[in-house]
Amino acid sequence: MNTSGLVYPENDPCNIHMTDHMLKVAQSQYSNNYDSRIVRHRDLLCPFLGDLNSRNDHIIISIENPLIADADLADVLCLEVTELMQIWEARPISIFDCLQTACRASISVRNRTHLLQLLRLDKYFGLKVGAGDPVKLTTLCEMLCESCAQELQHCHDEELRADMLVRQARNSELRKMPFKQYQKTPEWRSHRNRVLLRAGNKCELCHKSGRLDVHHRTYDRYGDELLSDLLALCRTWHRRFHDVLPEAA
């Protein structure tokens, strides 16, 4: 059972919580890159501020525009995308560094597809993510250098392994419990509530509401049941399964 109060949360195991310091770096990086694009647009559009680099500025701004497809860029500017990227690399607007505050190593841009992906993530982390929000580990790792990404992946794997061992030990304990004792555990209450929610608080055989029991269709996974192992039944149908009226399940 974790600190959120959930017993077996069905969260994506690839999600981790966004740390406050990484979020601040991401927001600062997004803000800096956004401001840089505004300045470059002004240089391009104002004839009094423009210079001989205006053409290249136009190319660089266009390269970072996700609404312009590669083929359209090549057609309009009469250059291959690889050549356009070389111009961008010589004077990039957006710069991406590892979000780990102790690292801040530069992230190399492989191609325009990678650049646009980094720009999307730059905006995502800079504007839409809050401290403590769950984010996909693979997504966060794209904004880290290779070394930091590997270290974070290793730490996450170790946490998952530790959680799995704790859960296995708890499942072993639950499997040995008599049902009366098991009924009082938060694990069983969670299973029971989810089954009743699935059933709409009605018997899943006669569809009548009222006092309901949760019946085991199988005991193969006792203590770690699947929802399909359990059935919400009214007292009448539960009696028919057991020939006698059981204590409330």
# chains A, B, ... in the order shown; residues from 1 in each chain; ligands from 1

call {"tool": "select_by_dssp", "arguments": {"residues": "segment 20-176 of chain A", "states": "helix (DSSP H, G or I)", "output": "MDAnalysis selection string"}}
result
chainID A and resid 20:45 54:63 70:77 81:90 112:128 137:141 146:175

call {"tool": "residues_around", "arguments": {"residues": "segment 166-173 of chain A", "least_positions_apart": "2", "cutoff": "12 Å", "atoms": "only C-alpha atoms", "output": "list in words"}}
result
Met1, Asn2, Val7, Tyr8, Pro9, Glu159, Leu160, Arg161, Ala162, Asp163, Met164, Arg175, Lys176, Met177, Pro178, Gln181, Tyr182, Thr185, Pro186, Glu187, Trp188, Arg221, Tyr222, Gly223, Asp224 and Glu225 of chain A

call {"tool": "write_last_selection", "arguments": {"atoms": "N, CA and C atoms", "output": "PDB file, in the first residue's frame"}}
result
ATOM      1  N   MET A   1       0.849  -1.199   0.000  1.00  0.00           N
ATOM      2  CA  MET A   1       0.000   0.000   0.000  1.00  0.00           C
ATOM      3  C   MET A   1       0.883   1.247   0.000  1.00  0.00           C
ATOM      4  N   ASN A   2       0.623   2.147  -0.923  1.00  0.00           N
ATOM      5  CA  ASN A   2       1.495   3.315  -1.015  1.00  0.00           C
ATOM      6  C   ASN A   2       0.885   4.505  -0.296  1.00  0.00           C
ATOM      7  N   VAL A   7      -4.255   0.649  -2.817  1.00  0.00           N
ATOM      8  CA  VAL A   7      -3.609  -0.616  -2.487  1.00  0.00           C
ATOM      9  C   VAL A   7      -2.810  -1.124  -3.674  1.00  0.00           C
ATOM     10  N   TYR A   8      -3.490  -1.322  -4.765  1.00  0.00           N
ATOM     11  CA  TYR A   8      -2.811  -1.758  -5.982  1.00  0.00           C
ATOM     12  C   TYR A   8      -3.198  -0.803  -7.107  1.00  0.00           C
ATOM     13  N   PRO A   9      -2.658   0.379  -7.124  1.00  0.00           N
ATOM     14  CA  PRO A   9      -3.048   1.342  -8.161  1.00  0.00           C
ATOM     15  C   PRO A   9      -2.682   0.836  -9.542  1.00  0.00           C
ATOM     16  N   GLU A 159      13.429   0.848  -8.205  1.00  0.00           N
ATOM     17  CA  GLU A 159      12.225   1.142  -7.422  1.00  0.00           C
ATOM     18  C   GLU A 159      11.108   0.171  -7.772  1.00  0.00           C
ATOM     19  N   LEU A 160      10.945  -0.114  -9.055  1.00  0.00           N
ATOM     20  CA  LEU A 160       9.914  -1.072  -9.477  1.00  0.00           C
ATOM     21  C   LEU A 160      10.200  -2.458  -8.917  1.00  0.00           C
ATOM     22  N   ARG A 161      11.479  -2.840  -8.913  1.00  0.00           N
ATOM     23  CA  ARG A 161      11.854  -4.147  -8.386  1.00  0.00           C
ATOM     24  C   ARG A 161      11.558  -4.221  -6.886  1.00  0.00           C
ATOM     25  N   ALA A 162      11.885  -3.157  -6.156  1.00  0.00           N
ATOM     26  CA  ALA A 162      11.611  -3.139  -4.718  1.00  0.00           C
ATOM     27  C   ALA A 162      10.110  -3.202  -4.450  1.00  0.00           C
ATOM     28  N   ASP A 163       9.327  -2.447  -5.235  1.00  0.00           N
ATOM     29  CA  ASP A 163       7.873  -2.470  -5.071  1.00  0.00           C
ATOM     30  C   ASP A 163       7.321  -3.859  -5.358  1.00  0.00           C
ATOM     31  N   MET A 164       7.866  -4.522  -6.378  1.00  0.00           N
ATOM     32  CA  MET A 164       7.402  -5.855  -6.737  1.00  0.00           C
ATOM     33  C   MET A 164       7.669  -6.851  -5.608  1.00  0.00           C
ATOM     34  N   ARG A 175      -2.495 -14.731   1.020  1.00  0.00           N
ATOM     35  CA  ARG A 175      -2.926 -16.072   0.613  1.00  0.00           C
ATOM     36  C   ARG A 175      -3.083 -17.016   1.801  1.00  0.00           C
ATOM     37  N   LYS A 176      -2.364 -16.739   2.880  1.00  0.00           N
ATOM     38  CA  LYS A 176      -2.423 -17.608   4.064  1.00  0.00           C
ATOM     39  C   LYS A 176      -3.517 -17.209   5.042  1.00  0.00           C
ATOM     40  N   MET A 177      -4.179 -16.083   4.793  1.00  0.00           N
ATOM     41  CA  MET A 177      -5.187 -15.583   5.728  1.00  0.00           C
ATOM     42  C   MET A 177      -6.505 -16.336   5.577  1.00  0.00           C
ATOM     43  N   PRO A 178      -7.168 -16.634   6.680  1.00  0.00           N
ATOM     44  CA  PRO A 178      -8.553 -17.092   6.606  1.00  0.00           C
ATOM     45  C   PRO A 178      -9.411 -15.981   6.004  1.00  0.00           C
ATOM     46  N   GLN A 181     -10.510 -12.984   8.122  1.00  0.00           N
ATOM     47  CA  GLN A 181      -9.446 -12.002   8.357  1.00  0.00           C
ATOM     48  C   GLN A 181      -9.153 -11.218   7.084  1.00  0.00           C
ATOM     49  N   TYR A 182      -9.169 -11.926   5.955  1.00  0.00           N
ATOM     50  CA  TYR A 182      -8.890 -11.288   4.659  1.00  0.00           C
ATOM     51  C   TYR A 182      -9.934 -10.219   4.349  1.00  0.00           C
ATOM     52  N   THR A 185      -9.074  -6.626   5.323  1.00  0.00           N
ATOM     53  CA  THR A 185      -7.885  -5.965   4.774  1.00  0.00           C
ATOM     54  C   THR A 185      -8.268  -4.897   3.754  1.00  0.00           C
ATOM     55  N   PRO A 186      -7.436  -3.891   3.598  1.00  0.00           N
ATOM     56  CA  PRO A 186      -7.715  -2.877   2.566  1.00  0.00           C
ATOM     57  C   PRO A 186      -7.676  -3.466   1.165  1.00  0.00           C
ATOM     58  N   GLU A 187      -6.906  -4.541   0.971  1.00  0.00           N
ATOM     59  CA  GLU A 187      -6.837  -5.173  -0.350  1.00  0.00           C
ATOM     60  C   GLU A 187      -8.200  -5.736  -0.746  1.00  0.00           C
ATOM     61  N   TRP A 188      -8.822  -6.488   0.186  1.00  0.00           N
ATOM     62  CA  TRP A 188     -10.129  -7.058  -0.141  1.00  0.00           C
ATOM     63  C   TRP A 188     -11.178  -5.969  -0.314  1.00  0.00           C
ATOM     64  N   ARG A 221      -6.227 -17.268  -7.513  1.00  0.00           N
ATOM     65  CA  ARG A 221      -5.416 -16.073  -7.231  1.00  0.00           C
ATOM     66  C   ARG A 221      -5.872 -15.413  -5.923  1.00  0.00           C
ATOM     67  N   TYR A 222      -6.291 -16.235  -4.978  1.00  0.00           N
ATOM     68  CA  TYR A 222      -6.760 -15.737  -3.678  1.00  0.00           C
ATOM     69  C   TYR A 222      -5.708 -14.817  -3.051  1.00  0.00           C
ATOM     70  N   GLY A 223      -6.137 -13.626  -2.688  1.00  0.00           N
ATOM     71  CA  GLY A 223      -5.238 -12.622  -2.134  1.00  0.00           C
ATOM     72  C   GLY A 223      -4.728 -11.636  -3.158  1.00  0.00           C
ATOM     73  N   ASP A 224      -4.808 -12.004  -4.424  1.00  0.00           N
ATOM     74  CA  ASP A 224      -4.379 -11.116  -5.517  1.00  0.00           C
ATOM     75  C   ASP A 224      -5.312 -11.317  -6.699  1.00  0.00           C
ATOM     76  N   GLU A 225      -6.604 -11.279  -6.420  1.00  0.00           N
ATOM     77  CA  GLU A 225      -7.614 -11.616  -7.418  1.00  0.00           C
ATOM     78  C   GLU A 225      -7.642 -10.628  -8.591  1.00  0.00           C
TER      79      GLU A 225
END

call {"tool": "closest_residue", "arguments": {"among": "A:Leu116, A:Ile87, A:Ile38, A:Leu152", "to": "Leu67 of chain A", "atoms": "only C-alpha atoms"}}
result
A:Leu116

call {"tool": "atom_distance", "arguments": {"atom1": "atom CA of Gly132 of chain A", "atom2": "atom CA of Asp20 of chain A"}}
result
7.1 Å

call {"tool": "atom_distance", "arguments": {"atom1": "atom CA of Asn65 of chain A", "atom2": "atom CA of Arg104 of chain A"}}
result
25.0 Å

call {"tool": "atom_distance", "arguments": {"atom1": "atom CA of His215 of chain A", "atom2": "atom CA of Leu231 of chain A"}}
result
5.0 Å

call {"tool": "residues_around", "arguments": {"residues": "Ile16 of chain A", "least_positions_apart": "6", "cutoff": "12 Å", "atoms": "only C-alpha atoms", "output": "list in words"}}
result
Ala131, Gly132, Asp133, Pro134, Val135, Lys136, Leu137, Thr138, Thr139, Leu140, Cys141, Leu152, Gln153, Cys155, His156, Asp157, Glu159 and Leu160 of chain A

call {"tool": "select_by_dssp", "arguments": {"residues": "segment 2-245 of chain A", "states": "strand (DSSP E or B)", "output": "list in words"}}
result
Asn15, Ile16, His17, Asp97, Ser106, Pro134, Val135, Lys136, Leu212, Asp213, Val214, His215, His216, Leu230, Leu231, Ala232, Leu233 and Cys234 of chain A

call {"tool": "closest_residue", "arguments": {"among": "A:Ser31, A:Thr236, A:Thr19, A:Gln150", "to": "His207 of chain A", "atoms": "only C-alpha atoms"}}
result
A:Thr236

call {"tool": "closest_residue", "arguments": {"among": "A:Asp213, A:Asn15, A:Gln100, A:Lys123", "to": "Asn193 of chain A", "atoms": "only C-alpha atoms"}}
result
A:Asp213

call {"tool": "closest_residue", "arguments": {"among": "A:Gln29, A:Asn111, A:Gln183, A:Ser36", "to": "Asp70 of chain A", "atoms": "only C-alpha atoms"}}
result
A:Asn111

call {"tool": "closest_residue", "arguments": {"among": "A:Tyr124, A:Arg192, A:Ile95, A:Cys148", "to": "Asn32 of chain A", "atoms": "only C-alpha atoms"}}
result
A:Ile95

call {"tool": "closest_residue", "arguments": {"among": "A:Gln117, A:Gln27, A:Ser106, A:Leu99", "to": "Glu64 of chain A", "atoms": "only C-alpha atoms"}}
result
A:Gln117
